[in-house]
>>> print(open('coords.cif').read())   # mmCIF, C-alpha atoms
data_run
#
loop_
_atom_site.label_atom_id
_atom_site.label_comp_id
_atom_site.auth_asym_id
_atom_site.auth_seq_id
_atom_site.Cartn_x
_atom_site.Cartn_y
_atom_site.Cartn_z
CA MET R 1 0.00 0.00 0.00
CA LYS R 2 1.24 3.47 -0.80
CA ASP R 3 1.22 6.46 1.39
CA THR R 4 -1.98 8.38 0.79
CA ASP R 5 -0.79 11.66 2.27
CA SER R 6 0.81 12.96 -0.91
CA LYS R 7 -1.40 15.08 -3.12
CA ASP R 8 -1.55 14.34 -6.81
CA SER R 9 -3.78 15.09 -9.75
CA PRO R 10 -7.06 13.20 -10.28
CA ASP R 11 -5.60 11.38 -13.28
CA GLN R 12 -2.66 10.13 -11.34
CA LEU R 13 -4.90 9.17 -8.50
CA GLU R 14 -7.21 7.28 -10.83
CA ALA R 15 -4.30 5.43 -12.35
CA ARG R 16 -3.05 4.57 -8.92
CA ILE R 17 -6.45 3.33 -7.82
CA ALA R 18 -6.76 1.20 -10.93
CA GLU R 19 -3.28 -0.17 -10.38
CA ALA R 20 -3.93 -0.93 -6.72
CA ARG R 21 -7.20 -2.58 -7.58
CA ARG R 22 -5.52 -4.75 -10.18
CA ARG R 23 -2.80 -5.67 -7.77
CA GLN R 24 -5.33 -6.56 -5.14
CA GLN R 25 -7.59 -8.63 -7.34
CA GLY R 26 -5.05 -10.10 -9.69
CA PRO R 27 -3.82 -13.34 -8.23
CA GLU R 28 -7.10 -15.09 -7.49
CA ALA R 29 -9.46 -14.75 -10.38
CA LYS R 30 -11.34 -17.95 -9.73
CA PRO R 31 -13.19 -18.78 -6.56
CA LYS R 32 -11.73 -21.53 -4.50
CA VAL R 33 -13.63 -24.77 -4.23
CA THR R 34 -15.95 -24.14 -1.35
CA ASP R 35 -15.43 -26.48 1.50
CA SER R 36 -18.00 -25.31 3.96
CA LEU R 37 -16.82 -27.72 6.63
CA SER R 38 -13.17 -26.81 6.69
CA GLY R 39 -13.78 -23.11 7.23
CA ASN R 40 -15.80 -23.17 10.36
CA PHE R 41 -17.10 -26.27 12.11
CA MET R 42 -19.53 -24.39 14.29
CA GLY R 43 -20.95 -22.57 11.33
CA ALA R 44 -21.45 -25.80 9.44
CA ALA R 45 -23.06 -27.49 12.42
CA PHE R 46 -25.54 -24.66 12.86
CA ARG R 47 -26.26 -24.72 9.17
CA ILE R 48 -27.11 -28.40 8.81
CA GLY R 49 -29.72 -28.54 11.57
CA VAL R 50 -31.88 -25.83 10.08
CA GLU R 51 -31.76 -27.28 6.59
CA LEU R 52 -34.19 -30.18 7.23
CA VAL R 53 -36.68 -28.00 9.09
CA ALA R 54 -36.68 -25.28 6.44
CA ALA R 55 -37.14 -27.83 3.65
CA LEU R 56 -40.21 -29.29 5.35
CA ILE R 57 -41.71 -25.89 6.16
CA VAL R 58 -41.40 -24.67 2.58
CA SER R 59 -42.58 -27.84 0.88
CA VAL R 60 -45.47 -28.65 3.20
CA GLY R 61 -46.56 -25.01 3.12
CA PHE R 62 -46.39 -25.01 -0.65
CA GLY R 63 -48.36 -28.26 -0.86
CA TRP R 64 -50.97 -26.92 1.52
CA LEU R 65 -51.41 -23.76 -0.55
CA LEU R 66 -51.71 -25.78 -3.76
CA ASP R 67 -54.28 -28.03 -2.08
CA ARG R 68 -56.37 -25.04 -1.08
CA TRP R 69 -56.17 -23.65 -4.58
CA LEU R 70 -56.91 -26.90 -6.45
CA GLY R 71 -59.21 -28.42 -3.83
CA THR R 72 -57.30 -31.69 -3.65
CA ARG R 73 -57.20 -31.57 0.13
CA PRO R 74 -54.60 -33.76 1.65
CA TRP R 75 -52.87 -35.25 -1.37
CA LEU R 76 -50.55 -32.56 -2.66
CA MET R 77 -49.47 -31.76 0.86
CA VAL R 78 -48.56 -35.42 1.40
CA ALA R 79 -46.70 -35.55 -1.88
CA PHE R 80 -44.81 -32.35 -1.07
CA PHE R 81 -43.99 -33.68 2.38
CA PHE R 82 -42.01 -36.51 0.81
CA LEU R 83 -40.52 -34.22 -1.83
CA GLY R 84 -39.49 -31.79 0.89
CA SER R 85 -37.89 -34.53 2.97
CA ALA R 86 -35.88 -35.57 -0.06
CA ALA R 87 -34.86 -31.98 -0.81
CA GLY R 88 -33.86 -31.43 2.81
CA MET R 89 -31.71 -34.53 2.88
CA MET R 90 -30.18 -33.60 -0.43
CA ASN R 91 -29.24 -30.19 0.98
CA VAL R 92 -27.79 -31.70 4.15
CA TYR R 93 -25.79 -34.12 2.02
CA ARG R 94 -24.46 -31.20 0.01
CA VAL R 95 -23.43 -29.17 3.03
CA ALA R 96 -21.76 -32.20 4.61
CA ASN R 97 -19.95 -32.95 1.39
CA GLY R 98 -18.58 -29.44 1.27
CA MET R 99 -20.36 -28.76 -1.97
CA GLY R 100 -22.04 -25.61 -0.83
CA LEU R 101 -25.78 -25.28 -0.62
CA ALA R 102 -26.22 -24.69 -4.27
CA ALA R 103 -28.99 -26.12 -6.32
CA GLY R 104 -27.41 -27.74 -9.34
CA PHE R 105 -23.96 -27.42 -7.87
CA LYS R 106 -21.43 -29.22 -9.98
CA ARG R 107 -18.92 -31.55 -8.49
CA PRO R 108 -15.64 -29.64 -8.36
CA GLY R 109 -12.69 -30.88 -10.35
CA GLY R 110 -14.28 -30.53 -13.76
CA GLU R 111 -12.13 -28.16 -15.79
CA GLY R 112 -15.03 -26.62 -17.69
CA ARG R 113 -16.54 -25.29 -14.53
CA ASN R 114 -15.38 -21.74 -15.04
CA GLY R 115 -15.67 -21.86 -18.78
CA SER R 116 -18.57 -19.45 -18.96
CA ASP R 117 -17.04 -17.09 -16.46
CA ASP R 118 -17.78 -13.94 -18.39
CA ALA R 119 -21.07 -15.04 -19.87
CA MET J 1 -32.97 -7.68 34.29
CA ALA J 2 -36.46 -9.04 33.90
CA GLU J 3 -38.68 -9.54 36.94
CA ALA J 4 -38.92 -13.12 38.20
CA HIS J 5 -42.59 -13.35 37.28
CA GLU J 6 -42.06 -11.94 33.82
CA SER J 7 -42.03 -14.32 30.89
CA PRO J 8 -38.63 -14.92 29.30
CA LEU J 9 -40.34 -14.27 25.99
CA SER J 10 -41.63 -10.82 26.88
CA GLN J 11 -38.29 -9.36 25.78
CA PHE J 12 -39.36 -10.00 22.19
CA LYS J 13 -42.50 -7.90 22.45
CA ILE J 14 -42.62 -5.10 19.93
CA GLU J 15 -43.28 -1.73 21.53
CA THR J 16 -44.42 1.26 19.59
CA ILE J 17 -42.47 4.46 20.08
CA VAL J 18 -44.12 6.72 17.50
CA PRO J 19 -47.51 5.47 16.29
CA ILE J 20 -47.93 6.06 12.55
CA HIS J 21 -50.93 4.87 10.55
CA ILE J 22 -51.07 5.32 6.81
CA GLY J 23 -54.25 4.23 5.07
CA GLY J 24 -55.13 1.76 7.81
CA VAL J 25 -51.70 0.19 7.71
CA ASP J 26 -49.73 0.26 10.92
CA VAL J 27 -46.26 1.55 10.07
CA SER J 28 -45.44 2.74 13.55
CA PHE J 29 -41.88 3.43 14.54
CA THR J 30 -41.15 0.65 17.03
CA GLN J 31 -38.22 -0.12 19.28
CA SER J 32 -37.24 -2.72 16.69
CA ALA J 33 -37.02 -0.02 14.02
CA ALA J 34 -35.15 2.21 16.48
CA MET J 35 -32.55 -0.52 16.96
CA MET J 36 -32.20 -0.90 13.19
CA VAL J 37 -31.57 2.82 12.86
CA ALA J 38 -29.11 2.56 15.75
CA ALA J 39 -27.30 -0.34 14.05
CA VAL J 40 -26.96 1.61 10.81
CA LEU J 41 -25.82 4.76 12.63
CA VAL J 42 -23.33 2.97 14.87
CA CYS J 43 -21.69 1.01 12.09
CA THR J 44 -21.59 4.04 9.78
CA LEU J 45 -20.07 6.12 12.56
CA LEU J 46 -17.56 3.39 13.37
CA LEU J 47 -16.46 3.02 9.77
CA VAL J 48 -16.23 6.77 9.21
CA LEU J 49 -14.19 7.19 12.39
CA THR J 50 -11.94 4.24 11.66
CA GLY J 51 -11.34 5.51 8.15
CA ARG J 52 -10.52 9.02 9.31
CA PRO J 53 -6.85 8.61 10.37
CA ALA J 54 -5.88 6.73 7.16
CA ALA J 55 -2.46 6.11 8.64
CA LEU J 56 0.02 3.82 6.95
CA VAL J 57 0.45 1.91 10.19
CA PRO J 58 -3.09 1.61 11.52
CA GLY J 59 -3.83 2.37 15.12
CA ARG J 60 -6.27 0.32 17.16
CA LEU J 61 -9.36 2.11 15.94
CA GLN J 62 -8.30 2.03 12.31
CA SER J 63 -7.53 -1.67 12.61
CA ILE J 64 -11.15 -2.41 13.46
CA GLY J 65 -12.36 -0.93 10.20
CA GLU J 66 -9.58 -2.49 8.16
CA LEU J 67 -10.07 -5.92 9.70
CA ALA J 68 -13.79 -5.84 8.97
CA TYR J 69 -13.15 -4.69 5.41
CA GLU J 70 -10.46 -7.26 4.69
CA PHE J 71 -12.44 -10.05 6.31
CA ILE J 72 -15.40 -9.55 4.00
CA ALA J 73 -13.25 -8.65 0.98
CA ASN J 74 -11.36 -11.93 1.35
CA MET J 75 -14.58 -13.82 1.90
CA VAL J 76 -16.07 -12.45 -1.30
CA ARG J 77 -12.86 -12.99 -3.29
CA ASP J 78 -12.40 -16.56 -2.04
CA ASN J 79 -16.01 -17.63 -2.41
CA VAL J 80 -17.28 -15.65 -5.37
CA GLY J 81 -14.12 -14.74 -7.24
CA THR J 82 -12.95 -11.44 -8.66
CA ALA J 83 -16.18 -11.06 -10.60
CA GLY J 84 -17.99 -10.88 -7.28
CA MET J 85 -16.00 -7.91 -6.00
CA LYS J 86 -18.49 -5.72 -7.85
CA TYR J 87 -21.04 -6.74 -5.24
CA PHE J 88 -18.68 -6.30 -2.29
CA PRO J 89 -20.42 -3.18 -0.91
CA TRP J 90 -23.73 -5.02 -0.83
CA VAL J 91 -22.28 -8.05 0.98
CA PHE J 92 -20.38 -5.81 3.39
CA SER J 93 -23.53 -3.85 4.24
CA ILE J 94 -25.43 -7.04 4.95
CA PHE J 95 -22.65 -8.30 7.19
CA MET J 96 -22.33 -5.07 9.18
CA PHE J 97 -26.09 -4.68 9.59
CA VAL J 98 -26.59 -8.22 10.88
CA LEU J 99 -23.45 -8.11 13.02
CA PHE J 100 -24.44 -4.85 14.69
CA GLY J 101 -28.02 -6.01 15.07
CA ASN J 102 -26.75 -9.06 16.93
CA PHE J 103 -24.15 -7.25 19.01
CA LEU J 104 -26.23 -4.20 19.95
CA GLY J 105 -28.88 -6.67 21.10
CA MET J 106 -26.37 -8.04 23.61
CA ILE J 107 -26.39 -4.75 25.51
CA PRO J 108 -28.79 -5.07 28.46
CA TYR J 109 -32.20 -3.40 28.01
CA THR J 110 -31.84 -3.23 24.23
CA PHE J 111 -33.84 -5.15 21.68
CA THR J 112 -32.44 -7.66 19.21
CA PHE J 113 -34.20 -7.09 15.91
CA THR J 114 -32.61 -10.20 14.37
CA SER J 115 -34.61 -12.32 16.83
CA HIS J 116 -37.78 -11.65 14.81
CA ILE J 117 -38.33 -13.93 11.86
CA ILE J 118 -40.05 -11.23 9.84
CA VAL J 119 -36.88 -9.13 9.94
CA THR J 120 -34.54 -11.99 9.03
CA PHE J 121 -36.97 -13.22 6.40
CA ALA J 122 -37.10 -9.78 4.82
CA LEU J 123 -33.29 -9.73 4.75
CA ALA J 124 -33.15 -13.24 3.31
CA MET J 125 -35.78 -12.41 0.67
CA MET J 126 -33.76 -9.34 -0.27
CA VAL J 127 -30.70 -11.56 -0.75
CA PHE J 128 -32.72 -14.19 -2.63
CA LEU J 129 -34.37 -11.71 -5.01
CA THR J 130 -31.16 -9.78 -5.65
CA VAL J 131 -29.24 -12.95 -6.42
CA THR J 132 -31.99 -14.21 -8.71
CA VAL J 133 -32.08 -10.89 -10.57
CA ILE J 134 -28.28 -10.98 -10.96
CA ALA J 135 -28.48 -14.54 -12.27
CA PHE J 136 -31.15 -13.55 -14.83
CA ALA J 137 -29.22 -10.47 -15.87
CA ARG J 138 -26.03 -12.42 -16.44
CA HIS J 139 -27.40 -15.61 -17.94
CA GLY J 140 -30.84 -14.79 -19.30
CA LEU J 141 -32.98 -17.84 -19.92
CA HIS J 142 -29.95 -20.06 -19.46
CA PHE J 143 -30.71 -19.52 -15.79
CA PHE J 144 -33.25 -22.34 -15.95
CA ALA J 145 -30.50 -24.82 -16.85
CA PHE J 146 -29.53 -24.32 -13.23
CA PHE J 147 -32.31 -26.67 -12.16
CA LEU J 148 -31.10 -29.60 -14.23
CA PRO J 149 -27.63 -30.68 -13.16
CA GLU J 150 -25.53 -31.88 -16.05
CA GLY J 151 -25.39 -35.62 -16.55
CA THR J 152 -28.83 -36.33 -15.14
CA PRO J 153 -30.43 -39.41 -16.77
CA LEU J 154 -33.51 -38.35 -18.73
CA ALA J 155 -35.78 -40.68 -16.78
CA MET J 156 -34.76 -38.95 -13.56
CA ALA J 157 -35.09 -35.43 -14.93
CA PRO J 158 -38.64 -34.58 -13.73
CA MET J 159 -37.85 -35.72 -10.20
CA VAL J 160 -34.50 -33.93 -10.11
CA VAL J 161 -35.91 -30.69 -11.51
CA ALA J 162 -38.69 -30.72 -8.90
CA LEU J 163 -36.17 -31.28 -6.13
CA GLU J 164 -33.81 -28.60 -7.39
CA ILE J 165 -36.56 -26.01 -7.76
CA LEU J 166 -37.82 -26.82 -4.28
CA SER J 167 -34.34 -26.60 -2.83
CA TYR J 168 -33.87 -23.24 -4.54
CA PHE J 169 -36.94 -21.86 -2.82
CA ILE J 170 -35.87 -23.34 0.50
CA ARG J 171 -32.84 -21.02 0.53
CA PRO J 172 -34.43 -17.83 1.87
CA VAL J 173 -36.40 -19.77 4.47
CA SER J 174 -33.42 -21.67 5.83
CA LEU J 175 -31.35 -18.50 5.74
CA SER J 176 -33.89 -16.60 7.81
CA ILE J 177 -34.80 -19.41 10.22
CA ARG J 178 -31.14 -20.02 11.02
CA LEU J 179 -30.46 -16.45 12.11
CA PHE J 180 -33.74 -15.84 13.89
CA ALA J 181 -33.81 -19.20 15.73
CA ASN J 182 -30.27 -18.83 17.02
CA MET J 183 -30.80 -15.32 18.28
CA MET J 184 -34.18 -16.01 19.82
CA ALA J 185 -33.14 -19.26 21.50
CA GLY J 186 -29.99 -17.70 22.93
CA HIS J 187 -31.73 -14.65 24.36
CA THR J 188 -34.54 -16.78 25.81
CA MET J 189 -31.98 -19.02 27.53
CA LEU J 190 -30.31 -15.99 29.07
CA LYS J 191 -33.62 -14.80 30.52
CA VAL J 192 -34.59 -18.28 31.75
CA PHE J 193 -31.33 -18.74 33.62
CA GLY J 194 -31.54 -15.16 34.84
CA GLY J 195 -34.91 -16.07 36.35
CA PHE J 196 -33.37 -19.10 38.08
CA VAL J 197 -30.74 -16.91 39.71
CA ILE J 198 -33.42 -14.89 41.48
CA ALA J 199 -35.72 -17.81 42.26
CA LEU J 200 -33.04 -20.00 43.84
CA GLY J 201 -31.71 -17.46 46.29
CA VAL J 202 -28.31 -18.54 47.63
CA PHE J 203 -28.12 -21.47 45.25
CA GLY J 204 -28.56 -19.01 42.44
CA VAL J 205 -24.78 -18.97 42.14
CA LEU J 206 -24.95 -22.03 39.92
CA PRO J 207 -27.34 -20.65 37.28
CA PHE J 208 -25.44 -17.38 37.59
CA ALA J 209 -22.26 -19.17 36.53
CA VAL J 210 -24.16 -20.82 33.70
CA ASN J 211 -25.50 -17.44 32.68
CA ILE J 212 -22.00 -15.99 32.44
CA ALA J 213 -20.97 -18.86 30.18
CA LEU J 214 -24.17 -18.44 28.14
CA THR J 215 -23.56 -14.73 27.73
CA LEU J 216 -20.08 -15.41 26.36
CA PHE J 217 -21.56 -18.10 24.12
CA GLU J 218 -24.17 -15.61 22.91
CA PHE J 219 -21.42 -13.25 21.82
CA LEU J 220 -19.87 -16.10 19.86
CA VAL J 221 -23.22 -16.96 18.29
CA ALA J 222 -23.87 -13.30 17.46
CA GLY J 223 -20.65 -13.07 15.48
CA LEU J 224 -20.96 -16.54 14.02
CA GLN J 225 -24.49 -16.06 12.75
CA ALA J 226 -23.55 -12.82 11.03
CA TYR J 227 -20.67 -14.73 9.45
CA VAL J 228 -22.89 -17.63 8.35
CA PHE J 229 -25.51 -15.29 6.91
CA THR J 230 -22.85 -13.48 4.92
CA ILE J 231 -20.99 -16.54 3.66
CA LEU J 232 -24.25 -18.07 2.46
CA THR J 233 -25.00 -14.83 0.64
CA CYS J 234 -21.58 -15.23 -1.00
CA LEU J 235 -22.31 -18.83 -2.01
CA TYR J 236 -25.64 -17.85 -3.55
CA LEU J 237 -23.95 -14.97 -5.33
CA LYS J 238 -21.36 -17.35 -6.72
CA ASP J 239 -24.09 -19.58 -8.16
CA ALA J 240 -25.70 -16.56 -9.77
CA ILE J 241 -22.44 -15.38 -11.30
CA GLU J 242 -20.80 -18.50 -12.60
CA MET J 243 -23.61 -21.04 -12.82
CA HIS J 244 -22.56 -23.89 -15.12
#
>>> encode(input="coords.cif", output="structure tokens")
Amino acid sequence: MKDTDSKDSPDQLEARIAEARRRQQGPEAKPKVTDSLSGNFMGAAFRIGVELVAALIVSVGFGWLLDRWLGTRPWLMVAFFFLGSAAGMMNVYRVANGMGLAAGFKRPGGEGRNGSDDA
Amino acid sequence: MAEAHESPLSQFKIETIVPIHIGGVDVSFTQSAAMMVAAVLVCTLLLVLTGRPAALVPGRLQSIGELAYEFIANMVRDNVGTAGMKYFPWVFSIFMFVLFGNFLGMIPYTFTFTSHIIVTFALAMMVFLTVTVIAFARHGLHFFAFFLPEGTPLAMAPMVVALEILSYFIRPVSLSIRLFANMMAGHTMLKVFGGFVIALGVFGVLPFAVNIALTLFEFLVAGLQAYVFTILTCLYLKDAIEMH
């Protein structure tokens, strides 16, 4: 970092800012493979517990709303209960695997992963 | 400290400071809103003050601001990549707001606005909608390819797409429940054990010791939950930016 006390013209300053920004952002263009477990165990532990509950709340709530709308009383809610359980477990599996919480998250290691970086 | 006969949950009651009604809608200025304003003011003040000296070798105060900045800047760079640095101010604001909401709530007699699910849900929905808009802006209709992971057998596709869409909509809910549940549970525990101290008289030393440990633990949780909220925002942002 340079001393910021010296006064210089806006152009110079702009060039310096651009240069500093480049220097700061240069080395790591690509995101690291996210390993949510290695970073913070407590954080990961707190995260997993909520995942199942949230999945059930969303899916059962969604099923219940659809039931009310379509008049198919218990059936969609039951179907969404199972779908929600599956989604919750899938999310827990993803967090535990260090694959992030992403829907459609690709297994890291594939080279083409960052291919469409600027798309 | 709450009275012994007072419910440990009464600390979460919303109290109106300035009643405002617009067209039959209650938009009163509550103590929750006051704490939000306080959080914004305090963290703005802190960052302005810590940025003021701008010394080459930072003093204590300046270090606070620089540490916070670098912490989030590194988090965004590591998790989202350089492309995500464009959204750094947004992520940093979220982090500071949640962090100060949690920490200001640890001061006795104050109110923790992050212990209300409507507040955390609003924050989470803001994150969810912003990230979705960014994903649409960057990828257009290709965004929908997100819901079908590559290499899925065709026979499995309907099931997988349903699961992926569902798990996408679970995001804001799990994000908000996590923050709200942790803050509410922690603060309730503090009040419950505080009640034991008074009720048990001399033997109140034991719950008092527990309460000290719990208070320290609450500080940990306050920081940790702000961290978790922010890092999940980063992960969602990464999905929106790079996708497949």
>>> atom_distance(input="coords.cif", atom1="CA of Ala68 in chain J", atom2="CA of Asp11 in chain R")
29.3 Å
>>> resolve_selection(input="coords.cif", expression="the PyMOL selection byres ((chain J) within 6 of (chain R))", output="ChimeraX atom specification")
/J:78-82,146-147,149,163-164,167-168,170,173-174,178,242
>>> closest_residue(input="coords.cif", among="J:Phe97, J:Tyr236, J:Phe92, J:Phe219", to="His187 in chain J", atoms="all atoms listed in the file")
J:Phe219
>>> resolve_selection(input="coords.cif", expression="the PyMOL selection byres ((chain J and resi 39-51) around 12)", output="VMD selection string")
chain J and resid 32 to 38 52 to 56 58 to 69 92 to 105 110 to 114
>>> atom_distance(input="coords.cif", atom1="CA of Ala73 in chain J", atom2="CA of Thr233 in chain J")
13.3 Å
>>> atom_distance(input="coords.cif", atom1="CA of Glu150 in chain J", atom2="CA of Met243 in chain J")
11.5 Å
>>> resolve_selection(input="coords.cif", expression="the PyMOL selection byres ((chain J and resi 143) around 12)", output="PDB file with C-alpha atoms, in the frame of the given file")
ATOM      1  CA  ALA R 103     -28.990 -26.120  -6.320  1.00  0.00           C
ATOM      2  CA  GLY R 104     -27.410 -27.740  -9.340  1.00  0.00           C
ATOM      3  CA  ALA R 119     -21.070 -15.040 -19.870  1.00  0.00           C
TER       4      ALA R 119
ATOM      5  CA  VAL J 131     -29.240 -12.950  -6.420  1.00  0.00           C
ATOM      6  CA  THR J 132     -31.990 -14.210  -8.710  1.00  0.00           C
ATOM      7  CA  VAL J 133     -32.080 -10.890 -10.570  1.00  0.00           C
ATOM      8  CA  ILE J 134     -28.280 -10.980 -10.960  1.00  0.00           C
ATOM      9  CA  ALA J 135     -28.480 -14.540 -12.270  1.00  0.00           C
ATOM     10  CA  PHE J 136     -31.150 -13.550 -14.830  1.00  0.00           C
ATOM     11  CA  ALA J 137     -29.220 -10.470 -15.870  1.00  0.00           C
ATOM     12  CA  ARG J 138     -26.030 -12.420 -16.440  1.00  0.00           C
ATOM     13  CA  HIS J 139     -27.400 -15.610 -17.940  1.00  0.00           C
ATOM     14  CA  GLY J 140     -30.840 -14.790 -19.300  1.00  0.00           C
ATOM     15  CA  LEU J 141     -32.980 -17.840 -19.920  1.00  0.00           C
ATOM     16  CA  HIS J 142     -29.950 -20.060 -19.460  1.00  0.00           C
ATOM     17  CA  PHE J 144     -33.250 -22.340 -15.950  1.00  0.00           C
ATOM     18  CA  ALA J 145     -30.500 -24.820 -16.850  1.00  0.00           C
ATOM     19  CA  PHE J 146     -29.530 -24.320 -13.230  1.00  0.00           C
ATOM     20  CA  PHE J 147     -32.310 -26.670 -12.160  1.00  0.00           C
ATOM     21  CA  LEU J 148     -31.100 -29.600 -14.230  1.00  0.00           C
ATOM     22  CA  PRO J 149     -27.630 -30.680 -13.160  1.00  0.00           C
ATOM     23  CA  ILE J 165     -36.560 -26.010  -7.760  1.00  0.00           C
ATOM     24  CA  ASP J 239     -24.090 -19.580  -8.160  1.00  0.00           C
ATOM     25  CA  ALA J 240     -25.700 -16.560  -9.770  1.00  0.00           C
ATOM     26  CA  ILE J 241     -22.440 -15.380 -11.300  1.00  0.00           C
ATOM     27  CA  GLU J 242     -20.800 -18.500 -12.600  1.00  0.00           C
ATOM     28  CA  MET J 243     -23.610 -21.040 -12.820  1.00  0.00           C
ATOM     29  CA  HIS J 244     -22.560 -23.890 -15.120  1.00  0.00           C
TER      30      HIS J 244
END
>>> axis_aligned_box(input="coords.cif", around="range 214-224 of chain J", padding_each_side="3 Å", output="lines of an AutoDock Vina configuration file")
center_x = -22.0
center_y = -15.8
center_z = 21.1
size_x = 10.3
size_y = 11.4
size_z = 20.1
>>> decode(input="coords.cif", residues="range 59-95 of chain R", atoms="C-alpha atoms", output="PDB file, in the first residue's frame")
ATOM      1  CA  SER R  59     -42.581 -27.836   0.876  1.00  0.00           C
ATOM      2  CA  VAL R  60     -45.472 -28.649   3.195  1.00  0.00           C
ATOM      3  CA  GLY R  61     -46.561 -25.013   3.121  1.00  0.00           C
ATOM      4  CA  PHE R  62     -46.386 -25.011  -0.650  1.00  0.00           C
ATOM      5  CA  GLY R  63     -48.356 -28.257  -0.859  1.00  0.00           C
ATOM      6  CA  TRP R  64     -50.969 -26.925   1.516  1.00  0.00           C
ATOM      7  CA  LEU R  65     -51.410 -23.760  -0.552  1.00  0.00           C
ATOM      8  CA  LEU R  66     -51.707 -25.776  -3.764  1.00  0.00           C
ATOM      9  CA  ASP R  67     -54.277 -28.025  -2.081  1.00  0.00           C
ATOM     10  CA  ARG R  68     -56.369 -25.041  -1.080  1.00  0.00           C
ATOM     11  CA  TRP R  69     -56.173 -23.648  -4.575  1.00  0.00           C
ATOM     12  CA  LEU R  70     -56.911 -26.896  -6.448  1.00  0.00           C
ATOM     13  CA  GLY R  71     -59.206 -28.424  -3.827  1.00  0.00           C
ATOM     14  CA  THR R  72     -57.301 -31.695  -3.646  1.00  0.00           C
ATOM     15  CA  ARG R  73     -57.202 -31.572   0.126  1.00  0.00           C
ATOM     16  CA  PRO R  74     -54.600 -33.762   1.651  1.00  0.00           C
ATOM     17  CA  TRP R  75     -52.874 -35.245  -1.368  1.00  0.00           C
ATOM     18  CA  LEU R  76     -50.546 -32.556  -2.657  1.00  0.00           C
ATOM     19  CA  MET R  77     -49.473 -31.760   0.864  1.00  0.00           C
ATOM     20  CA  VAL R  78     -48.562 -35.421   1.405  1.00  0.00           C
ATOM     21  CA  ALA R  79     -46.695 -35.554  -1.882  1.00  0.00           C
ATOM     22  CA  PHE R  80     -44.809 -32.353  -1.074  1.00  0.00           C
ATOM     23  CA  PHE R  81     -43.992 -33.681   2.379  1.00  0.00           C
ATOM     24  CA  PHE R  82     -42.009 -36.506   0.812  1.00  0.00           C
ATOM     25  CA  LEU R  83     -40.520 -34.221  -1.833  1.00  0.00           C
ATOM     26  CA  GLY R  84     -39.492 -31.785   0.895  1.00  0.00           C
ATOM     27  CA  SER R  85     -37.891 -34.533   2.965  1.00  0.00           C
ATOM     28  CA  ALA R  86     -35.882 -35.567  -0.064  1.00  0.00           C
ATOM     29  CA  ALA R  87     -34.861 -31.984  -0.814  1.00  0.00           C
ATOM     30  CA  GLY R  88     -33.860 -31.426   2.806  1.00  0.00           C
ATOM     31  CA  MET R  89     -31.713 -34.533   2.883  1.00  0.00           C
ATOM     32  CA  MET R  90     -30.181 -33.604  -0.429  1.00  0.00           C
ATOM     33  CA  ASN R  91     -29.242 -30.193   0.982  1.00  0.00           C
ATOM     34  CA  VAL R  92     -27.786 -31.703   4.145  1.00  0.00           C
ATOM     35  CA  TYR R  93     -25.794 -34.119   2.024  1.00  0.00           C
ATOM     36  CA  ARG R  94     -24.463 -31.201   0.012  1.00  0.00           C
ATOM     37  CA  VAL R  95     -23.433 -29.167   3.034  1.00  0.00           C
TER      38      VAL R  95
END
